[in-house]
file model_24.txt (compact mmCIF, C-alpha atoms)
# COMPACT_ATOMS: atom_id res chain seq x y z
CA ASN A 1 -56.39 137.06 -42.63
CA LEU A 2 -57.63 134.00 -44.41
CA ASP A 3 -54.74 133.97 -46.90
CA THR A 4 -52.13 133.59 -44.13
CA PHE A 5 -54.20 131.76 -41.52
CA ALA A 6 -53.05 128.29 -42.60
CA GLN A 7 -49.39 129.37 -42.48
CA SER A 8 -49.47 130.38 -38.82
CA THR A 9 -48.00 128.11 -36.15
CA GLY A 10 -51.19 128.22 -34.13
CA VAL A 11 -54.50 129.97 -33.79
CA LEU A 12 -55.56 132.52 -31.24
CA GLY A 13 -57.42 131.07 -28.30
CA PRO A 14 -60.32 132.71 -26.49
CA THR A 15 -59.75 136.38 -25.75
CA ASN A 16 -60.01 138.23 -22.47
CA ALA A 17 -62.82 140.66 -21.92
CA SER A 18 -63.48 143.26 -19.26
CA PHE A 19 -66.57 145.25 -18.48
CA VAL A 20 -68.06 147.52 -15.85
CA PHE A 21 -70.88 146.51 -13.57
CA PRO A 22 -74.06 148.04 -15.05
CA ALA A 23 -74.19 151.69 -14.05
CA VAL A 24 -77.91 151.51 -13.34
CA LYS A 25 -77.19 149.01 -10.54
CA ALA A 26 -73.89 150.42 -9.28
CA LYS A 27 -73.73 152.61 -6.21
CA GLN A 28 -71.65 155.77 -6.42
CA GLN A 29 -68.20 155.70 -4.88
CA SER A 30 -68.18 157.71 -1.69
CA VAL A 31 -65.76 159.07 0.90
CA THR A 32 -67.01 160.28 4.27
CA SER A 33 -64.51 162.36 6.24
CA PHE A 34 -64.82 163.39 9.87
CA SER A 35 -62.61 165.04 12.46
CA PHE A 36 -62.68 166.50 15.93
CA GLY A 37 -59.94 168.72 17.26
CA LEU A 38 -58.91 170.85 20.23
CA GLN A 39 -56.51 173.78 20.07
CA HIS A 40 -54.92 175.51 23.03
CA GLN A 41 -52.88 178.70 23.14
CA LEU A 42 -49.65 178.23 25.10
CA PRO A 43 -47.11 180.75 26.37
CA LEU A 44 -44.30 181.96 24.10
CA ALA A 45 -46.56 182.24 21.02
CA ALA A 46 -47.11 178.47 20.80
CA VAL A 47 -50.29 176.59 19.85
CA LEU A 48 -51.06 172.95 20.68
CA ASP A 49 -53.45 171.07 18.38
CA VAL A 50 -54.80 167.59 19.10
CA ALA A 51 -57.27 166.02 16.67
CA TYR A 52 -58.94 162.79 15.67
CA VAL A 53 -59.12 162.54 11.88
CA GLY A 54 -60.70 159.73 9.91
CA ASN A 55 -62.58 158.74 6.80
CA VAL A 56 -64.39 155.77 5.37
CA SER A 57 -64.61 154.92 1.67
CA ARG A 58 -67.34 152.74 0.24
CA HIS A 59 -68.24 151.25 -3.16
CA LEU A 60 -64.66 151.54 -4.44
CA LEU A 61 -63.76 150.09 -7.81
CA GLN A 62 -62.38 146.55 -7.70
CA ALA A 63 -61.82 143.83 -10.30
CA ARG A 64 -63.10 140.26 -10.22
CA ASN A 65 -62.53 137.43 -12.70
CA LEU A 66 -65.85 135.73 -13.38
CA ASN A 67 -64.31 133.04 -15.58
CA ALA A 68 -61.68 131.58 -13.26
CA ILE A 69 -61.35 127.81 -13.43
CA PRO A 70 -62.94 125.91 -10.52
CA MET A 71 -60.82 125.39 -7.42
CA TYR A 72 -58.37 122.47 -7.84
CA ALA A 73 -59.58 121.97 -11.44
CA ARG A 74 -56.11 121.03 -12.68
CA PHE A 75 -56.01 118.14 -10.17
CA ASP A 76 -59.34 116.65 -11.25
CA PRO A 77 -58.75 113.36 -13.15
CA ALA A 78 -61.65 114.26 -15.42
CA ASN A 79 -59.67 117.28 -16.66
CA MET A 80 -56.53 115.40 -17.69
CA ASP A 81 -55.26 115.84 -21.26
CA PRO A 82 -55.60 112.47 -23.06
CA THR A 83 -52.69 113.37 -25.34
CA GLN A 84 -50.35 114.20 -22.41
CA PRO A 85 -50.77 111.73 -19.55
CA GLY A 86 -50.50 113.34 -16.12
CA LYS A 87 -51.07 116.87 -17.40
CA PRO A 88 -54.34 118.81 -17.29
CA LEU A 89 -56.04 120.38 -20.25
CA PRO A 90 -55.34 124.09 -20.86
CA ASP A 91 -57.31 126.37 -18.59
CA ASP A 92 -59.54 127.57 -21.42
CA PHE A 93 -61.09 124.09 -21.56
CA LEU A 94 -61.90 124.18 -17.84
CA ARG A 95 -63.60 127.57 -17.51
CA PRO A 96 -67.27 127.93 -16.58
CA TYR A 97 -67.97 130.04 -19.68
CA LEU A 98 -66.40 128.21 -22.61
CA GLY A 99 -65.26 130.20 -25.59
CA MET A 100 -63.92 133.04 -23.47
CA ALA A 101 -60.76 133.52 -21.39
CA ASN A 102 -60.77 135.85 -18.38
CA LEU A 103 -63.99 137.81 -17.90
CA THR A 104 -63.03 140.69 -15.65
CA ILE A 105 -65.82 142.67 -14.09
CA ASN A 106 -65.00 146.07 -12.60
CA GLU A 107 -67.44 146.45 -9.76
CA TYR A 108 -68.08 149.11 -7.14
CA ALA A 109 -67.77 146.92 -4.07
CA GLY A 110 -64.46 147.76 -2.33
CA SER A 111 -64.09 149.54 0.99
CA SER A 112 -61.41 151.14 3.17
CA ASN A 113 -61.11 153.19 6.33
CA TYR A 114 -58.56 155.48 7.94
CA HIS A 115 -58.35 156.52 11.59
CA SER A 116 -55.67 158.69 13.16
CA LEU A 117 -54.61 160.73 16.16
CA GLN A 118 -52.89 163.86 14.89
CA THR A 119 -51.00 166.20 17.20
CA SER A 120 -48.96 169.31 16.50
CA LEU A 121 -47.17 172.02 18.40
CA GLN A 122 -46.41 175.22 16.51
CA ARG A 123 -44.44 178.25 17.68
CA ARG A 124 -44.39 181.39 15.57
CA PHE A 125 -40.98 182.81 14.77
CA THR A 126 -40.23 185.15 17.64
CA ARG A 127 -37.20 185.88 19.78
CA ASN A 128 -34.98 184.31 17.10
CA LEU A 129 -36.76 180.93 17.24
CA GLY A 130 -39.64 179.25 15.45
CA PHE A 131 -40.52 175.57 15.25
CA GLY A 132 -43.21 173.02 14.53
CA VAL A 133 -43.60 169.50 15.88
CA SER A 134 -46.15 166.99 14.57
CA TYR A 135 -46.93 163.37 15.32
CA THR A 136 -49.52 161.12 13.71
CA TRP A 137 -50.57 157.69 14.94
CA SER A 138 -52.80 156.07 12.35
CA LYS A 139 -54.05 152.95 10.65
CA ALA A 140 -55.33 152.53 7.10
CA LEU A 141 -57.28 149.34 6.40
CA GLY A 142 -59.12 148.14 3.35
CA VAL A 143 -59.60 145.50 0.71
CA ALA A 144 -56.12 145.23 -0.83
CA ASN A 145 -55.31 144.31 -4.46
CA THR A 146 -58.80 145.37 -5.41
CA TYR A 147 -58.07 146.69 -8.89
CA ASP A 148 -54.57 145.86 -10.12
CA ASP A 149 -54.66 142.13 -9.30
CA GLY A 150 -58.34 141.56 -8.63
CA VAL A 151 -60.03 139.99 -5.65
CA SER A 152 -60.36 136.27 -5.05
CA MET A 153 -63.02 134.19 -6.75
CA TYR A 154 -62.63 131.39 -4.21
CA PHE A 155 -62.64 133.09 -0.80
CA PRO A 156 -64.74 135.81 0.86
CA THR A 157 -63.22 139.18 0.04
CA LYS A 158 -63.19 140.54 3.59
CA ALA A 159 -61.62 137.37 4.98
CA TRP A 160 -58.97 136.95 2.27
CA GLU A 161 -58.16 140.45 0.97
CA TYR A 162 -58.82 142.80 3.90
CA GLY A 163 -55.83 144.21 5.76
CA ARG A 164 -53.40 147.11 5.99
CA LEU A 165 -53.18 149.18 2.84
CA ASN A 166 -49.84 149.74 1.13
CA PHE A 167 -49.66 153.40 2.18
CA ASP A 168 -50.33 152.66 5.86
CA ARG A 169 -47.72 154.19 8.19
CA ALA A 170 -48.45 153.63 11.86
CA HIS A 171 -46.15 156.36 13.19
CA VAL A 172 -45.04 159.60 11.53
CA PHE A 173 -43.06 162.20 13.50
CA SER A 174 -41.66 165.43 12.08
CA VAL A 175 -39.90 168.52 13.45
CA ASN A 176 -39.12 171.71 11.56
CA TYR A 177 -37.22 174.60 13.09
CA MET A 178 -35.48 177.88 12.39
CA TYR A 179 -33.10 179.61 14.77
CA ASP A 180 -31.18 182.84 14.35
CA LEU A 181 -27.91 182.40 16.23
CA PRO A 182 -27.11 185.14 18.78
CA GLY A 183 -25.06 188.09 17.54
CA ILE A 184 -21.82 187.61 19.47
CA GLY A 185 -20.03 190.41 17.65
CA ALA A 186 -22.73 192.91 18.56
CA LYS A 187 -22.54 191.89 22.21
CA LEU A 188 -18.75 192.25 22.21
CA ASN A 189 -18.95 195.45 20.18
CA SER A 190 -16.48 193.95 17.71
CA LYS A 191 -17.03 194.39 13.99
CA PHE A 192 -14.39 191.78 13.19
CA VAL A 193 -16.04 189.10 15.35
CA GLY A 194 -19.44 190.16 14.07
CA ALA A 195 -18.35 189.78 10.45
CA ILE A 196 -17.51 186.14 11.16
CA LEU A 197 -20.01 185.00 13.78
CA ASP A 198 -23.09 187.22 13.37
CA ASN A 199 -26.12 186.84 11.05
CA TRP A 200 -26.08 183.04 11.01
CA SER A 201 -29.35 181.05 10.84
CA LEU A 202 -29.87 177.33 11.40
CA SER A 203 -32.95 175.58 10.05
CA GLY A 204 -33.94 172.05 9.29
CA VAL A 205 -36.48 169.27 9.03
CA THR A 206 -36.20 166.00 10.95
CA SER A 207 -38.51 163.12 10.03
CA PHE A 208 -39.15 159.68 11.46
CA SER A 209 -41.68 157.31 9.93
CA SER A 210 -42.68 153.66 10.07
CA GLY A 211 -41.88 151.56 7.03
CA ALA A 212 -44.23 150.33 4.32
CA PRO A 213 -46.16 147.15 5.18
CA PHE A 214 -45.60 143.92 3.25
CA THR A 215 -46.17 140.17 3.33
CA PRO A 216 -43.38 137.77 2.32
CA GLY A 217 -43.96 135.67 -0.77
CA PHE A 218 -42.28 132.51 -2.00
CA SER A 219 -41.10 130.57 -5.02
CA THR A 220 -39.80 127.02 -5.51
CA SER A 221 -36.60 125.64 -6.97
CA TYR A 222 -38.63 123.09 -8.91
CA THR A 223 -41.68 123.27 -11.17
CA THR A 224 -44.94 122.50 -9.44
CA ASP A 225 -48.57 123.57 -9.32
CA ILE A 226 -49.55 124.03 -5.70
CA THR A 227 -53.18 125.14 -5.95
CA GLY A 228 -54.29 123.63 -9.25
CA SER A 229 -56.41 126.77 -9.58
CA THR A 230 -56.39 130.20 -11.18
CA GLU A 231 -55.04 131.79 -7.99
CA GLY A 232 -51.57 131.01 -6.73
CA ALA A 233 -50.70 130.14 -3.14
CA ARG A 234 -49.62 132.47 -0.39
CA ILE A 235 -46.83 131.50 1.95
CA THR A 236 -47.71 129.51 5.09
CA ILE A 237 -47.05 131.04 8.53
CA VAL A 238 -46.13 128.60 11.29
CA GLY A 239 -45.12 131.09 14.03
CA ASP A 240 -44.83 134.73 14.98
CA PRO A 241 -42.57 136.35 12.33
CA ARG A 242 -42.07 139.66 14.13
CA LEU A 243 -38.82 140.70 15.79
CA SER A 244 -38.27 143.50 18.25
CA LYS A 245 -36.00 146.35 17.17
CA SER A 246 -33.14 145.10 19.37
CA GLU A 247 -33.31 141.64 17.74
CA LYS A 248 -33.13 142.82 14.14
CA GLN A 249 -29.91 142.50 12.16
CA PHE A 250 -28.80 143.34 8.64
CA SER A 251 -29.69 139.86 7.37
CA ARG A 252 -32.52 139.14 9.79
CA ASN A 253 -35.40 141.61 9.84
CA PHE A 254 -38.04 139.04 10.71
CA VAL A 255 -38.14 135.42 11.82
CA GLN A 256 -37.44 133.48 8.64
CA GLU A 257 -38.25 130.17 10.37
CA ALA A 258 -41.82 131.37 10.88
CA PHE A 259 -42.54 130.78 7.18
CA ALA A 260 -42.93 127.41 5.48
CA LEU A 261 -43.67 125.96 2.06
CA THR A 262 -47.38 125.79 1.36
CA ALA A 263 -48.58 122.23 0.80
CA VAL A 264 -50.06 121.10 -2.50
CA ARG A 265 -53.86 121.53 -2.68
CA SER A 266 -53.80 124.48 -0.29
CA PHE A 267 -53.54 128.25 -0.58
CA GLY A 268 -51.44 129.19 2.45
CA ASN A 269 -52.54 131.32 5.36
CA ALA A 270 -50.56 134.57 5.20
CA GLY A 271 -52.58 137.72 5.73
CA VAL A 272 -52.32 141.06 3.96
CA ASN A 273 -49.34 143.30 4.84
CA ILE A 274 -48.48 141.62 8.14
CA LEU A 275 -44.93 143.05 8.54
CA ASP A 276 -43.26 146.48 8.34
CA GLY A 277 -40.40 147.32 6.02
CA PRO A 278 -37.52 149.66 6.93
CA GLY A 279 -38.58 153.06 8.21
CA ILE A 280 -37.33 156.59 7.58
CA ASN A 281 -34.89 158.51 9.79
CA THR A 282 -33.87 161.73 8.06
CA TRP A 283 -32.10 164.90 9.23
CA ASP A 284 -32.00 167.73 6.69
CA LEU A 285 -30.16 170.86 7.84
CA SER A 286 -29.48 174.30 6.41
CA LEU A 287 -26.94 176.82 7.68
CA THR A 288 -27.21 180.33 6.27
CA LYS A 289 -25.19 183.52 6.74
CA ARG A 290 -26.37 186.96 5.70
CA ILE A 291 -23.58 189.40 4.82
CA PRO A 292 -24.76 193.04 4.61
CA ILE A 293 -23.19 195.07 1.80
CA GLY A 294 -23.54 198.78 1.30
CA LEU A 295 -26.24 200.79 2.96
CA GLY A 296 -29.75 199.61 3.69
CA GLU A 297 -31.27 196.32 4.74
CA GLY A 298 -32.23 195.40 1.21
CA ARG A 299 -28.68 194.74 0.04
CA ASN A 300 -26.89 191.66 1.25
CA LEU A 301 -25.00 188.60 0.19
CA GLN A 302 -26.39 185.31 1.41
CA PHE A 303 -24.29 182.18 1.79
CA ARG A 304 -26.30 178.97 2.18
CA SER A 305 -25.12 175.44 2.93
CA GLU A 306 -27.60 172.56 2.87
CA PHE A 307 -27.08 169.05 4.21
CA TYR A 308 -29.55 166.33 3.22
CA ASN A 309 -29.28 163.25 5.44
CA ALA A 310 -26.81 165.43 7.32
CA PHE A 311 -25.36 162.72 9.56
CA ASN A 312 -25.09 160.24 6.66
CA HIS A 313 -27.23 157.78 8.58
CA THR A 314 -27.64 154.55 6.61
CA GLN A 315 -31.29 154.18 5.70
CA PHE A 316 -32.38 150.93 4.11
CA SER A 317 -35.25 151.12 1.66
CA GLY A 318 -35.88 147.49 0.72
CA LEU A 319 -35.36 143.92 1.80
CA ASP A 320 -35.59 140.47 0.26
CA SER A 321 -39.06 139.25 1.15
CA THR A 322 -39.28 136.21 -1.12
CA ALA A 323 -38.51 132.79 0.31
CA ARG A 324 -37.37 129.98 -1.98
CA PHE A 325 -38.08 126.37 -1.10
CA ASP A 326 -36.65 123.15 -2.47
CA GLN A 327 -38.57 119.87 -2.82
CA THR A 328 -37.85 118.92 0.80
CA GLY A 329 -39.47 122.14 2.04
CA ALA A 330 -36.16 123.72 3.09
CA GLN A 331 -35.77 127.47 2.62
CA VAL A 332 -32.73 127.96 0.34
CA ASN A 333 -32.64 131.71 -0.32
CA PRO A 334 -29.68 132.96 1.78
CA ASN A 335 -30.83 136.60 1.46
CA PHE A 336 -34.38 136.02 2.65
CA GLY A 337 -35.06 138.72 5.25
CA ALA A 338 -31.90 140.74 4.48
CA PHE A 339 -31.69 144.36 3.37
CA THR A 340 -31.27 144.87 -0.37
CA ALA A 341 -31.35 148.64 -1.01
CA THR A 342 -30.64 151.99 0.65
CA ARG A 343 -31.91 155.51 0.34
CA SER A 344 -29.67 158.37 -0.73
CA PRO A 345 -26.49 159.03 1.28
CA ARG A 346 -25.61 162.49 2.53
CA VAL A 347 -25.85 165.23 -0.08
CA ILE A 348 -24.27 168.67 0.49
CA SER A 349 -24.91 171.78 -1.56
CA PHE A 350 -23.62 175.34 -1.34
CA ALA A 351 -25.17 178.47 -2.76
CA LEU A 352 -24.27 182.16 -2.93
CA ARG A 353 -27.04 184.69 -3.50
CA LEU A 354 -26.87 188.41 -4.06
CA LYS A 355 -29.94 190.37 -2.98
CA PHE A 356 -30.37 194.01 -3.94
call {"tool": "encode", "arguments": {"input": "model_24.txt", "output": "structure tokens"}}
result
Amino acid sequence: NLDTFAQSTGVLGPTNASFVFPAVKAKQQSVTSFSFGLQHQLPLAAVLDVAYVGNVSRHLLQARNLNAIPMYARFDPANMDPTQPGKPLPDDFLRPYLGMANLTINEYAGSSNYHSLQTSLQRRFTRNLGFGVSYTWSKALGVANTYDDGVSMYFPTKAWEYGRLNFDRAHVFSVNYMYDLPGIGAKLNSKFVGAILDNWSLSGVTSFSSGAPFTPGFSTSYTTDITGSTEGARITIVGDPRLSKSEKQFSRNFVQEAFALTAVRSFGNAGVNILDGPGINTWDLSLTKRIPIGLGEGRNLQFRSEFYNAFNHTQFSGLDSTARFDQTGAQVNPNFGAFTATRSPRVISFALRLKF
């Protein structure tokens, strides 16, 4: 308030404002889904399903800063601070609309599309066996960073922001199964053997999936302004960063030498989500034994053992994707491209259930 205003160490600068594109001019967000599938009955109570599934989304909500400073404004000699030689004026003095900070418009202009080949093979539980197998080959593309970070004010949206979406997984394969083990005791007519080896069931889910897409970023070991603009720079790609599966190592999941420091007065050339992170390889198993007690099928004791990540296969969940460059342009982060995190190790649980 006015009584304490003079005692403050500074005054508030221009404030940020956000608004929605006028509803009378905005087109409604829309999603159009389409699919075409073929199903075929196979022997042994199995069904094969092959389908093309896709959708396109239009007029999605995205954010845009209408009051970003002009490109390279901090490098313009006319924008230098006379009280601090060699330093530019604060950004609020360089904006197109003076008196305001960021003016964020939420507009209905984003787009995305999804296309996939989806296959499945299902067998009903019969003759002590039931299973399902599914595989999806897909691609999800769209204008990334449309709402959280906002799209670029300097470059065409489709050219600069369009690419693989964060939830894109090229390959997803899954198998689920349930098998009642043969009753050896009944075949041998031995109650003792049957009490130990009969009434066992094995079930499980096995999943394989591609990893999440990402693009490496970078930082510097010194203070510098590379773009002189509201937007920061992306890393510069100077070669093919991809490695085959046989070439990958714990500390080398992509070609680190394919990335370089972005030069001053440029924005880099890295695309959106150009690499894949670590994938998923999970085996979850359950082994169950039913122990009849008393008379009637409705009374039994069930022993269940469950194994999550049953083979304790090491599954990495993250890697260091941020390069760090010194003033000579050398990459000095020793962990760049190395794994940094893992998913859960094997977990075993046991349960005893009385049914009556």
call {"tool": "closest_atom_pairs", "arguments": {"input": "model_24.txt", "of": "range 182-260 of chain A", "to": "range 93-96 of chain A", "cutoff": "12 Å", "atoms": "all atoms listed in the file", "output": "Markdown table"}}
result
| residue | atom | partner | partner_atom | distance |
| --- | --- | --- | --- | --- |
| A:Gly228 | CA | A:Leu94 | CA | 11.5 |
| A:Ser229 | CA | A:Leu94 | CA | 10.3 |
| A:Thr230 | CA | A:Arg95 | CA | 9.9 |
call {"tool": "closest_residue", "arguments": {"input": "model_24.txt", "among": "A:Leu202, A:Asp92, A:Thr15, A:Asn67", "to": "Asn79 in chain A", "atoms": "all atoms listed in the file"}}
result
A:Asp92
call {"tool": "residues_near_point", "arguments": {"input": "model_24.txt", "point": "(-54.0, 171.8, 21.2)", "cutoff": "9 Å", "atoms": "all atoms listed in the file", "output": "PyMOL selection string"}}
result
chain A and resi 37-42+47-51+119-121
call {"tool": "atom_distance", "arguments": {"input": "model_24.txt", "atom1": "CA of Gly318 in chain A", "atom2": "CA of Tyr222 in chain A"}}
result
26.4 Å
call {"tool": "closest_residue", "arguments": {"input": "model_24.txt", "among": "A:Leu261, A:Arg290, A:Asn199, A:Asp276", "to": "Lys245 in chain A", "atoms": "all atoms listed in the file"}}
result
A:Asp276
call {"tool": "atom_distance", "arguments": {"input": "model_24.txt", "atom1": "CA of His313 in chain A", "atom2": "CA of Lys248 in chain A"}}
result
17.0 Å
call {"tool": "atom_distance", "arguments": {"input": "model_24.txt", "atom1": "CA of Pro278 in chain A", "atom2": "CA of Val332 in chain A"}}
result
23.2 Å
call {"tool": "residues_near_point", "arguments": {"input": "model_24.txt", "point": "(-62.1, 152.7, -0.6)", "cutoff": "8 Å", "atoms": "all atoms listed in the file", "output": "number ranges by chain"}}
result
A: 30-31, 56-61, 110-113, 142-143
call {"tool": "closest_atom_pairs", "arguments": {"input": "model_24.txt", "of": "range 32-87 of chain A", "to": "range 150-163 of chain A", "cutoff": "7 Å", "atoms": "all atoms listed in the file", "output": "Markdown table"}}
result
| residue | atom | partner | partner_atom | distance |
| --- | --- | --- | --- | --- |
| A:Gln62 | CA | A:Gly150 | CA | 6.5 |
| A:Ala63 | CA | A:Gly150 | CA | 4.5 |
| A:Arg64 | CA | A:Gly150 | CA | 5.2 |
| A:Asn65 | CA | A:Met153 | CA | 6.8 |
call {"tool": "write_last_selection", "arguments": {"input": "model_24.txt", "atoms": "C-alpha atoms", "output": "short mmCIF file (atom, residue, chain, number, x, y, z; two decimals), in the frame of the given file"}}
result
data_model
loop_
_atom_site.label_atom_id
_atom_site.label_comp_id
_atom_site.auth_asym_id
_atom_site.auth_seq_id
_atom_site.Cartn_x
_atom_site.Cartn_y
_atom_site.Cartn_z
CA GLN A 62 -62.38 146.55 -7.70
CA ALA A 63 -61.82 143.83 -10.30
CA ARG A 64 -63.10 140.26 -10.22
CA ASN A 65 -62.53 137.43 -12.70
#
call {"tool": "closest_residue", "arguments": {"input": "model_24.txt", "among": "A:Asn281, A:Thr104, A:Thr288, A:Ser174", "to": "Asp198 in chain A", "atoms": "only C-alpha atoms"}}
result
A:Thr288
call {"tool": "build_atoms", "arguments": {"input": "model_24.txt", "residues": "range 304-318 of chain A", "atoms": "N, CA, C and O atoms", "output": "tab-separated table (two decimals), keeping the file's coordinate frame"}}
result
chain	number	residue	atom	x	y	z
A	304	ARG	N	-25.45	180.05	1.68
A	304	ARG	CA	-26.30	178.97	2.18
A	304	ARG	C	-25.62	177.62	1.97
A	304	ARG	O	-25.12	177.33	0.87
A	305	SER	N	-25.61	176.82	3.03
A	305	SER	CA	-25.12	175.44	2.93
A	305	SER	C	-26.24	174.51	3.38
A	305	SER	O	-26.86	174.74	4.42
A	306	GLU	N	-26.50	173.49	2.59
A	306	GLU	CA	-27.60	172.56	2.87
A	306	GLU	C	-27.06	171.14	2.96
A	306	GLU	O	-26.24	170.72	2.15
A	307	PHE	N	-27.54	170.41	3.95
A	307	PHE	CA	-27.08	169.05	4.21
A	307	PHE	C	-28.30	168.13	4.26
A	307	PHE	O	-29.10	168.20	5.20
A	308	TYR	N	-28.46	167.29	3.25
A	308	TYR	CA	-29.55	166.33	3.22
A	308	TYR	C	-29.03	164.99	3.75
A	308	TYR	O	-28.00	164.51	3.31
A	309	ASN	N	-29.78	164.40	4.68
A	309	ASN	CA	-29.28	163.25	5.44
A	309	ASN	C	-27.94	163.66	6.06
A	309	ASN	O	-26.88	163.04	5.84
A	310	ALA	N	-28.01	164.73	6.85
A	310	ALA	CA	-26.81	165.43	7.32
A	310	ALA	C	-25.81	164.53	8.02
A	310	ALA	O	-24.59	164.70	7.87
A	311	PHE	N	-26.27	163.57	8.79
A	311	PHE	CA	-25.36	162.72	9.56
A	311	PHE	C	-25.00	161.43	8.81
A	311	PHE	O	-24.40	160.52	9.37
A	312	ASN	N	-25.41	161.38	7.52
A	312	ASN	CA	-25.09	160.24	6.66
A	312	ASN	C	-25.52	158.92	7.29
A	312	ASN	O	-24.82	157.90	7.20
A	313	HIS	N	-26.68	158.98	7.93
A	313	HIS	CA	-27.23	157.78	8.58
A	313	HIS	C	-27.70	156.80	7.51
A	313	HIS	O	-28.46	157.17	6.61
A	314	THR	N	-27.23	155.56	7.58
A	314	THR	CA	-27.64	154.55	6.61
A	314	THR	C	-29.13	154.25	6.77
A	314	THR	O	-29.59	153.87	7.84
A	315	GLN	N	-29.86	154.43	5.68
A	315	GLN	CA	-31.29	154.18	5.70
A	315	GLN	C	-31.63	153.15	4.62
A	315	GLN	O	-31.49	153.43	3.43
A	316	PHE	N	-32.04	151.99	5.05
A	316	PHE	CA	-32.38	150.93	4.11
A	316	PHE	C	-33.79	151.15	3.57
A	316	PHE	O	-34.68	151.58	4.30
A	317	SER	N	-33.96	150.87	2.30
A	317	SER	CA	-35.25	151.12	1.66
A	317	SER	C	-35.94	149.86	1.16
A	317	SER	O	-37.08	149.92	0.69
A	318	GLY	N	-35.26	148.73	1.21
A	318	GLY	CA	-35.88	147.49	0.72
A	318	GLY	C	-35.22	146.28	1.32
A	318	GLY	O	-34.09	146.35	1.80
